[in-house]
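Okay, so here's the structure we're looking at.
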Amino acid sequence: MKSRLKQLVPLAIRQEIKRQIWRREDRKNPITAERVPPRAETFIGGGDFIYVGDEFFKVLRRHGLTPDMDVLDVGCGQGRMARPLAGFLNNGSYSGFDIVKPGIDWCNEHYADLPNFKFEHVPIYNKRYNKKGHIKASEFVFPYKDDSFDIVFLTSVFTHMFAKDIENYLSEIARVLKPGGKSLITWFILNDQSRAAQNPYYDFAFDYDEVSKTTTPRRPEAAIAFDEDYLKKLYADKNLKISSTEYGFWAKPDSEHEMQDLIIGTKPT
Ligand SMILES: C[S@@+](CC[C@H](N)C(=O)[O-])C[C@H]1O[C@@H](n2cnc3c(N)ncnc32)[C@H](O)[C@@H]1O
């Protein structure tokens with residue numbers, strides 16, 4: 001029924017209907033929590049903004065995040081992952097960048113009291129998130145010096161990008177990580193288990209290229225999954241050692257982890 005509705009009603013109309021519903025909800029039941037954008041202004045997908053951020057904060061802590069660390073949030077959106085770090089990173093710092101300007105403007109306004117939090121807008125093209133962008137993700141050089149961060153993380157970002165883009169981004173991540181630093185990146189990973197799982201919401205039925213598949217051939221950026229062997233080779237090529245892979249419940253219903261898969265890659269010392 002849901003997918004039939006999707007076929008019949010164009011995306012722009014569906015989005016406008018959703019926005020109207022959220023505007024009404026924002027008026028009836030305004031969000032009062034700090035650093036949480038109004039529902040009608042969110043563009044980062046469904047799910048409870050606070051819950052999703054808090055859960056990922058636990059993941060970061062489990063993988064060694066401490067208050068004195070310098071962290072980079074690539075594709076930081078509207079600060080969903082930054083929010084629980086505010087007040088935690090007392091002696092460390094947070095940097096985030098994203099391609100959607102209103103999200104970065106919102107964060108700059110709502111984190112102005114935290115001088116160790118910096119958000120930057122970069123006009124990179126992405127068919128889903130920034131059609132007006134003129135920079136190619138495959139050529140973008142992160143605006144940070146080599147060996148700058150203890151942790152670099154990406155949540156639900158490489159799930160919207162293509163192979164040539166992520167290849168460049170992983171090089172950049174390896175460059176800006178300090179020796180011994182960790183990357184925590186979420187993915188949809190294609191392997192025997194996920195291919196057999198048949199999740200109707202994440203049905204990667206269409207080849208995008210020889211290493212990735214999409215759920216939506218007309219708008220492949222909507223959701224992209226990568227072949228696990230390709231990812232293993234890519235991490236090795238970029239000199240990031242995979243210390244663990246946590247398979248998410250999108251394709252492993254008994255998983256104790258979050259929805260997407262998570263790869264922890266460490267830069268050698
Ligand atoms: C599903 S949202 C997730 C946002 C944020 N990471 C979070 O979990 O709340 C995907 C984000 O990736 C960003 N994005 C897409 N392509 C990007 C690129 N090439 N570089 C940086 N961010 C990008 C989008 O603008 C969007 O904010």
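Going by the structure tokens order, chains are called A, B, ..., each with residues numbered from 1, while ligands are numbered from 1 in the order shown.
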
Quiz item: Which residues come within 9 Å of Pro37 in chain A, counting only C-alpha atoms, excluding same-chain residues fewer than 5 positions away, as a PyMOL selection string?
Solution: chain A and resi 31+42+49+78-79+106

8 Å shell around ligand 1 using only C-alpha atoms and all ligand atoms, listed as a CSV table (one decimal) with C-alpha atoms, in the first residue's frame:
chain,number,residue,atom,x,y,z
A,43,PHE,CA,15.4,17.0,6.4
A,44,ILE,CA,17.5,14.2,7.8
A,45,GLY,CA,14.9,11.5,7.7
A,49,PHE,CA,15.9,13.2,16.8
A,52,VAL,CA,18.8,8.6,17.5
A,53,GLY,CA,21.5,11.0,18.7
A,73,ASP,CA,31.1,14.7,12.0
A,74,VAL,CA,31.0,14.4,8.2
A,75,GLY,CA,27.5,15.1,6.8
A,76,CYS,CA,26.4,16.5,10.2
A,77,GLY,CA,22.9,17.5,9.0
A,78,GLN,CA,21.1,19.5,11.7
A,79,GLY,CA,23.3,18.4,14.6
A,80,ARG,CA,21.5,15.3,15.6
A,81,MET,CA,24.8,13.7,16.6
A,97,PHE,CA,30.3,19.9,7.8
A,98,ASP,CA,27.4,19.4,5.5
A,99,ILE,CA,26.1,20.3,2.1
A,100,VAL,CA,22.7,21.7,3.1
A,103,GLY,CA,21.0,22.9,8.5
A,122,VAL,CA,30.2,23.1,1.7
A,124,ILE,CA,28.8,19.9,-2.8
A,125,TYR,CA,26.3,18.4,-5.3
A,126,ASN,CA,24.0,15.6,-4.3
A,128,ARG,CA,18.8,14.3,-3.1
A,129,TYR,CA,20.2,16.9,-0.7
A,130,ASN,CA,21.7,19.7,-2.7
A,136,LYS,CA,32.0,17.2,-6.8
A,137,ALA,CA,32.2,14.9,-3.7
A,154,LEU,CA,29.5,9.5,9.5
A,155,THR,CA,25.9,8.4,10.2
A,156,SER,CA,23.6,7.8,7.3
A,157,VAL,CA,25.8,9.6,4.9
A,158,PHE,CA,27.6,7.0,2.8
A,159,THR,CA,24.2,5.4,2.5
A,160,HIS,CA,23.5,8.3,0.0
A,161,MET,CA,26.7,8.5,-1.9
A,165,ASP,CA,32.7,9.8,-3.8

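Residue-level DSSP output for range 133-167 of chain A, from the backbone, shows strand (DSSP E) at Phe149, Asp150, Ile151, Val152, Phe153 and Leu154 of chain A.
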
Quiz item: Can you list, as a PyMOL selection string, every residue of range 11-244 of chain A that DSSP puts in alpha helix (DSSP H)?
Solution: chain A and resi 11-28+49-62+101-110+163-176+192-197+228-237

Those selected residues, please, written with C-alpha atoms and delivered as an mmCIF file, in the first residue's frame.
data_model
loop_
_atom_site.group_PDB
_atom_site.id
_atom_site.type_symbol
_atom_site.label_atom_id
_atom_site.label_comp_id
_atom_site.auth_asym_id
_atom_site.auth_seq_id
_atom_site.Cartn_x
_atom_site.Cartn_y
_atom_site.Cartn_z
ATOM 1 C CA LEU A 11 7.970 12.968 -4.249
ATOM 2 C CA ALA A 12 7.576 16.768 -4.054
ATOM 3 C CA ILE A 13 3.883 16.391 -3.202
ATOM 4 C CA ARG A 14 4.541 13.685 -0.621
ATOM 5 C CA GLN A 15 7.184 15.900 0.994
ATOM 6 C CA GLU A 16 4.841 18.897 1.066
ATOM 7 C CA ILE A 17 2.082 16.800 2.681
ATOM 8 C CA LYS A 18 4.555 15.643 5.335
ATOM 9 C CA ARG A 19 5.700 19.233 5.946
ATOM 10 C CA GLN A 20 2.089 20.376 6.411
ATOM 11 C CA ILE A 21 1.500 17.615 8.959
ATOM 12 C CA TRP A 22 4.691 18.522 10.820
ATOM 13 C CA ARG A 23 3.871 22.261 10.770
ATOM 14 C CA ARG A 24 0.557 21.458 12.409
ATOM 15 C CA GLU A 25 2.264 19.233 14.963
ATOM 16 C CA ASP A 26 4.875 21.955 15.644
ATOM 17 C CA ARG A 27 2.058 24.448 16.344
ATOM 18 C CA LYS A 28 0.078 22.060 18.555
ATOM 19 C CA PHE A 49 15.863 13.209 16.807
ATOM 20 C CA ILE A 50 16.872 12.947 20.470
ATOM 21 C CA TYR A 51 16.727 9.159 20.719
ATOM 22 C CA VAL A 52 18.773 8.573 17.548
ATOM 23 C CA GLY A 53 21.461 11.043 18.672
ATOM 24 C CA ASP A 54 21.610 9.628 22.196
ATOM 25 C CA GLU A 55 21.934 6.063 20.903
ATOM 26 C CA PHE A 56 24.829 6.994 18.635
ATOM 27 C CA PHE A 57 26.471 8.851 21.530
ATOM 28 C CA LYS A 58 26.475 5.523 23.429
ATOM 29 C CA VAL A 59 28.134 3.896 20.409
ATOM 30 C CA LEU A 60 30.822 6.606 20.383
ATOM 31 C CA ARG A 61 31.419 6.138 24.131
ATOM 32 C CA ARG A 62 31.624 2.365 23.703
ATOM 33 C CA LYS A 101 23.062 25.311 4.114
ATOM 34 C CA PRO A 102 19.877 25.780 6.190
ATOM 35 C CA GLY A 103 20.976 22.904 8.458
ATOM 36 C CA ILE A 104 24.390 24.461 9.033
ATOM 37 C CA ASP A 105 22.874 27.923 9.577
ATOM 38 C CA TRP A 106 20.515 26.417 12.148
ATOM 39 C CA CYS A 107 23.404 24.730 13.962
ATOM 40 C CA ASN A 108 25.568 27.861 13.923
ATOM 41 C CA GLU A 109 22.717 29.763 15.544
ATOM 42 C CA HIS A 110 21.934 27.120 18.169
ATOM 43 C CA ALA A 163 31.596 4.640 -5.000
ATOM 44 C CA LYS A 164 33.853 7.327 -6.508
ATOM 45 C CA ASP A 165 32.679 9.786 -3.832
ATOM 46 C CA ILE A 166 33.212 7.488 -0.882
ATOM 47 C CA GLU A 167 36.624 6.485 -2.237
ATOM 48 C CA ASN A 168 37.711 10.128 -2.064
ATOM 49 C CA TYR A 169 36.036 10.669 1.317
ATOM 50 C CA LEU A 170 37.750 7.623 2.853
ATOM 51 C CA SER A 171 41.137 8.978 1.666
ATOM 52 C CA GLU A 172 40.294 12.287 3.292
ATOM 53 C CA ILE A 173 39.128 10.582 6.493
ATOM 54 C CA ALA A 174 42.399 8.641 6.680
ATOM 55 C CA ARG A 175 44.326 11.877 6.091
ATOM 56 C CA VAL A 176 42.612 13.948 8.801
ATOM 57 C CA ASP A 192 25.026 -13.245 1.987
ATOM 58 C CA GLN A 193 23.053 -12.448 5.136
ATOM 59 C CA SER A 194 21.716 -9.070 3.976
ATOM 60 C CA ARG A 195 20.981 -10.330 0.452
ATOM 61 C CA ALA A 196 18.821 -13.062 1.976
ATOM 62 C CA ALA A 197 17.140 -10.820 4.553
ATOM 63 C CA GLU A 228 31.216 -6.106 1.634
ATOM 64 C CA ASP A 229 34.285 -7.408 -0.234
ATOM 65 C CA TYR A 230 34.583 -4.076 -2.034
ATOM 66 C CA LEU A 231 34.443 -2.233 1.298
ATOM 67 C CA LYS A 232 37.063 -4.497 2.869
ATOM 68 C CA LYS A 233 39.421 -3.843 -0.025
ATOM 69 C CA LEU A 234 38.676 -0.134 0.040
ATOM 70 C CA TYR A 235 39.519 0.181 3.747
ATOM 71 C CA ALA A 236 42.740 -1.767 3.166
ATOM 72 C CA ASP A 237 43.660 0.470 0.196
#

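Closest to Thr66 in chain A among A:Ser243, A:Ser93, A:Thr32, A:Thr186 is A:Ser93, based on only C-alpha atoms.
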
Self-check item: Minimum-distance residue to Lys131 in chain A, chosen among A:Asp147, A:Asp203, A:Glu221, A:Asp48 (using only C-alpha atoms)
Solution: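 Of all the options, A:Glu221 lies closest to Lys131 in chain A.
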
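Nearest to Leu89 in chain A of all the residues A:Asn116, A:Ile185, A:Val9, A:Leu72 is A:Asn116, counting only C-alpha atoms.
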